[in-house]
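Asks: Structure file structure_24.pdb, PDB, C-alpha atoms, is pasted below:
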ATOM      1  CA  MET A   1      15.484 -37.554 -45.141
ATOM      2  CA  ILE A   2      17.770 -35.618 -42.857
ATOM      3  CA  LYS A   3      21.387 -35.499 -43.902
ATOM      4  CA  ILE A   4      23.735 -36.661 -41.195
ATOM      5  CA  GLU A   5      26.893 -34.811 -42.077
ATOM      6  CA  THR A   6      28.848 -31.855 -40.849
ATOM      7  CA  GLU A   7      27.904 -29.334 -43.527
ATOM      8  CA  LYS A   8      25.299 -26.750 -42.640
ATOM      9  CA  CYS A   9      22.047 -26.482 -44.536
ATOM     10  CA  ASN A  10      20.630 -23.080 -45.336
ATOM     11  CA  VAL A  11      17.229 -21.639 -46.077
ATOM     12  CA  GLN A  12      17.910 -21.528 -49.806
ATOM     13  CA  ASN A  13      18.117 -25.334 -49.843
ATOM     14  CA  ASN A  14      14.480 -25.359 -48.799
ATOM     15  CA  ASN A  15      13.567 -23.785 -52.136
ATOM     16  CA  PHE A  16      14.993 -26.776 -53.984
ATOM     17  CA  GLY A  17      13.208 -29.400 -51.908
ATOM     18  CA  GLU A  18      16.346 -30.341 -50.009
ATOM     19  CA  ASN A  19      16.484 -31.012 -46.311
ATOM     20  CA  ILE A  20      17.011 -28.179 -43.890
ATOM     21  CA  CYS A  21      17.961 -30.370 -40.923
ATOM     22  CA  ASN A  22      21.348 -31.770 -40.085
ATOM     23  CA  LEU A  23      21.554 -34.290 -37.257
ATOM     24  CA  GLY A  24      25.352 -34.388 -37.441
ATOM     25  CA  TYR A  25      25.871 -32.362 -34.262
ATOM     26  CA  LEU A  26      23.359 -34.444 -32.321
ATOM     27  CA  SER A  27      24.877 -37.675 -33.603
ATOM     28  CA  GLU A  28      28.393 -36.515 -32.680
ATOM     29  CA  THR A  29      27.301 -35.294 -29.254
ATOM     30  CA  MET A  30      25.577 -38.601 -28.505
ATOM     31  CA  ALA A  31      28.506 -40.598 -29.950
ATOM     32  CA  GLY A  32      26.128 -42.216 -32.424
ATOM     33  CA  GLU A  33      24.082 -43.844 -29.640
ATOM     34  CA  LYS A  34      20.808 -44.420 -31.473
ATOM     35  CA  HIS A  35      18.626 -44.723 -28.374
ATOM     36  CA  LEU A  36      19.884 -41.368 -27.037
ATOM     37  CA  ILE A  37      19.448 -39.676 -30.404
ATOM     38  CA  LYS A  38      15.896 -41.020 -30.676
ATOM     39  CA  GLU A  39      15.117 -39.856 -27.132
ATOM     40  CA  ILE A  40      16.260 -36.310 -27.913
ATOM     41  CA  ILE A  41      14.349 -36.354 -31.200
ATOM     42  CA  ASP A  42      11.203 -37.473 -29.359
ATOM     43  CA  ILE A  43      11.611 -34.698 -26.782
ATOM     44  CA  PHE A  44      12.150 -32.164 -29.562
ATOM     45  CA  LEU A  45       9.061 -33.333 -31.442
ATOM     46  CA  LYS A  46       6.966 -32.987 -28.296
ATOM     47  CA  GLN A  47       8.308 -29.666 -27.017
ATOM     48  CA  PHE A  48       9.217 -27.709 -30.132
ATOM     49  CA  PRO A  49       5.704 -27.396 -31.606
ATOM     50  CA  GLU A  50       4.638 -26.078 -28.195
ATOM     51  CA  GLU A  51       7.440 -23.481 -28.296
ATOM     52  CA  LEU A  52       6.418 -22.516 -31.817
ATOM     53  CA  GLN A  53       2.801 -22.071 -30.685
ATOM     54  CA  CYS A  54       3.944 -19.994 -27.699
ATOM     55  CA  ILE A  55       5.928 -17.584 -29.865
ATOM     56  CA  ASN A  56       3.008 -17.338 -32.302
ATOM     57  CA  ASP A  57       0.694 -16.468 -29.396
ATOM     58  CA  ALA A  58       3.166 -13.950 -27.944
ATOM     59  CA  ILE A  59       3.416 -12.228 -31.323
ATOM     60  CA  LYS A  60      -0.378 -12.067 -31.641
ATOM     61  CA  LYS A  61      -0.459 -10.369 -28.224
ATOM     62  CA  THR A  62       2.535  -8.127 -29.057
ATOM     63  CA  ASP A  63       4.215  -9.327 -25.853
ATOM     64  CA  TYR A  64       7.775  -8.232 -26.617
ATOM     65  CA  ALA A  65       9.314  -9.638 -23.431
ATOM     66  CA  LEU A  66       7.818 -13.064 -24.064
ATOM     67  CA  ILE A  67       8.776 -12.939 -27.757
ATOM     68  CA  LYS A  68      12.383 -12.252 -26.772
ATOM     69  CA  SER A  69      12.413 -15.010 -24.176
ATOM     70  CA  ILE A  70      10.907 -17.703 -26.386
ATOM     71  CA  ALA A  71      13.094 -16.824 -29.375
ATOM     72  CA  HIS A  72      16.144 -17.145 -27.133
ATOM     73  CA  THR A  73      15.029 -20.553 -25.851
ATOM     74  CA  MET A  74      14.199 -21.805 -29.336
ATOM     75  CA  LYS A  75      17.746 -21.127 -30.558
ATOM     76  CA  SER A  76      19.089 -23.908 -28.331
ATOM     77  CA  SER A  77      16.461 -26.338 -29.545
ATOM     78  CA  VAL A  78      17.104 -25.729 -33.232
ATOM     79  CA  LEU A  79      20.878 -25.857 -32.881
ATOM     80  CA  ILE A  80      20.962 -29.247 -31.178
ATOM     81  CA  ILE A  81      18.662 -30.734 -33.801
ATOM     82  CA  GLY A  82      20.552 -29.109 -36.686
ATOM     83  CA  ILE A  83      18.160 -26.475 -37.999
ATOM     84  CA  SER A  84      20.866 -23.835 -38.091
ATOM     85  CA  SER A  85      19.188 -21.872 -40.890
ATOM     86  CA  VAL A  86      16.617 -20.462 -38.448
ATOM     87  CA  VAL A  87      19.129 -19.202 -35.890
ATOM     88  CA  PRO A  88      19.562 -15.812 -37.629
ATOM     89  CA  VAL A  89      15.770 -15.496 -37.875
ATOM     90  CA  LEU A  90      15.361 -16.268 -34.174
ATOM     91  CA  GLN A  91      18.213 -13.907 -33.287
ATOM     92  CA  GLU A  92      16.554 -11.062 -35.166
ATOM     93  CA  ILE A  93      13.208 -11.813 -33.520
ATOM     94  CA  GLU A  94      14.940 -11.873 -30.129
ATOM     95  CA  ASP A  95      16.709  -8.558 -30.822
ATOM     96  CA  LEU A  96      13.489  -6.888 -31.951
ATOM     97  CA  GLY A  97      11.702  -8.278 -28.902
ATOM     98  CA  ARG A  98      14.425  -6.884 -26.652
ATOM     99  CA  THR A  99      14.039  -3.403 -28.126
ATOM    100  CA  ALA A 100      10.225  -3.718 -28.209
ATOM    101  CA  VAL A 101       9.931  -2.346 -31.727
ATOM    102  CA  ASN A 102       8.693  -3.276 -35.188
ATOM    103  CA  ILE A 103       6.049  -5.938 -34.566
ATOM    104  CA  GLU A 104       5.403  -6.031 -38.325
ATOM    105  CA  LYS A 105       8.992  -7.148 -38.970
ATOM    106  CA  ILE A 106       8.641  -9.735 -36.188
ATOM    107  CA  LYS A 107       5.470 -11.052 -37.856
ATOM    108  CA  GLU A 108       7.281 -11.294 -41.188
ATOM    109  CA  LEU A 109      10.183 -13.179 -39.606
ATOM    110  CA  ASN A 110       7.756 -15.404 -37.742
ATOM    111  CA  GLN A 111       6.114 -16.482 -40.993
ATOM    112  CA  LYS A 112       9.520 -17.567 -42.280
ATOM    113  CA  LEU A 113      10.216 -19.300 -38.966
ATOM    114  CA  ASN A 114       6.960 -21.249 -39.129
ATOM    115  CA  VAL A 115       7.526 -22.453 -42.697
ATOM    116  CA  ILE A 116      11.052 -23.660 -41.998
ATOM    117  CA  CYS A 117      10.146 -25.242 -38.668
ATOM    118  CA  MET A 118       7.144 -27.104 -40.024
ATOM    119  CA  GLN A 119       9.318 -28.587 -42.764
ATOM    120  CA  ALA A 120      11.973 -29.464 -40.188
ATOM    121  CA  ILE A 121       9.438 -31.165 -37.920
ATOM    122  CA  SER A 122       8.188 -33.194 -40.859
ATOM    123  CA  GLU A 123      11.739 -34.208 -41.796
ATOM    124  CA  ILE A 124      12.590 -35.188 -38.231
ATOM    125  CA  GLU A 125       9.403 -37.222 -37.843
ATOM    126  CA  ARG A 126      10.418 -39.252 -40.900
ATOM    127  CA  GLU A 127      14.048 -39.518 -39.808
ATOM    128  CA  LYS A 128      13.457 -40.698 -36.237
ATOM    129  CA  TYR A 129      12.665 -44.229 -37.404
ATOM    130  CA  LYS A 130      16.332 -44.716 -38.266
ATOM    131  CA  TYR A 131      17.031 -44.619 -34.536
ATOM    132  CA  ILE A 132      14.725 -47.394 -33.387
TER     133      ILE A 132
END
Would you mind writing the structure in this file as structure tokens?

Replies:
Amino acid sequence: MIKIETEKCNVQNNNFGENICNLGYLSETMAGEKHLIKEIIDIFLKQFPEELQCINDAIKKTDYALIKSIAHTMKSSVLIIGISSVVPVLQEIEDLGRTAVNIEKIKELNQKLNVICMQAISEIEREKYKYI
């Protein structure tokens, strides 16, 4: 389950089977309104896998401008849903995309991004039923 609290989760928690999501910010922003939280979760679950696929495709094509753009957009999505551990990964991908260098490092970071995001999506899919 996703912890709804103010502490931040980090990537290391993932190694111990703990949750990497924190819906505290979303819950606070929506003043605990379950229907609004569920609506945002549903939007996230629809759009975020598409964003993840887009960045994967951009990396396969070595499209640095698109990599930078998508990484930037994804940061907002992960912050609102409480996946703060991937923000530094996305920031580094964005920075490398901006400078149009080191596609191998981008690929390495993208693997990490995919693992964390797939776990987060799974956690959020389980958690959303609390907001029905």

Asks: Which one is closest to Ile20 (chain A): A:Ser84, A:Gln111, A:Glu127, A:Ile93? Count all atoms listed in the file.

Replies: A:Ser84

Asks: Using all atoms listed in the file, which residue out of A:Thr62, A:Thr73, A:Ser27, A:Asn56 lies closest to Ile103 (chain A)?

Replies: A:Thr62

Asks: Just the residues within 9 Å of region 114-124 of chain A, please, counting all atoms listed in the file, with nothing from its chain fewer than 2 positions along; format it as a list of chain:residue names.

Replies: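 Final neighbour list, sorted by chain and number: A:Met1, A:Ile2, A:Val11, A:Asn14, A:Asn19, A:Ile20, A:Cys21, A:Ile41, A:Phe44, A:Leu45, A:Phe48, A:Pro49, A:Leu52, A:Asn56, A:Val78, A:Ile81, A:Ile83, A:Ser85, A:Val86, A:Leu109, A:Asn110, A:Gln111, A:Lys112, A:Arg126, A:Glu127, A:Lys128.
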
Asks: So how many Å separate CA of Glu104 (chain A) and CA of His72 (chain A), to one decimal?

Replies: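 So the answer is 19.1 Å.
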
Asks: So what do you get for CA of Asn102 (chain A) versus CA of Ile59 (chain A), distance-wise?

Replies: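 Separation between CA of Asn102 (chain A) and CA of Ile59 (chain A): 11.1 Å.
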
Asks: As AutoDock Vina command-line options, please: the centre and edge lengths in Å, to one decimal, of an axis-aligned box enclosing every listed atom of region 105-118 of chain A with 5 Å added on each side.

Replies:
--center_x 8.3 --center_y -17.1 --center_z -39.4 --size_x 15.6 --size_y 30.0 --size_z 16.5

Asks: Considering all atoms listed in the file, state which residue in the set A:Asp63, A:Glu51, A:Glu18, A:Glu39 is at the smallest distance from Ala100 (chain A).

Replies: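 For Ala100 (chain A), the nearest of the candidates is A:Asp63.
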
Asks: Identify which of the residues A:Leu96, A:Glu28, A:Lys38, A:Leu113 lies closest to Lys68 (chain A), counting only C-alpha atoms when measuring atom-to-atom distances.

Replies: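 Smallest distance to Lys68 (chain A) is found for A:Leu96.
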
Asks: Separation of CA of Ile40 (chain A) and CA of Ala58 (chain A), in Å?

Replies: 25.9 Å

Asks: I need the residue nearest Leu79 (chain A) from this list: A:Lys46, A:Lys34, A:Ile132, A:Thr29. Use only C-alpha atoms for the distance.

Replies: A:Thr29
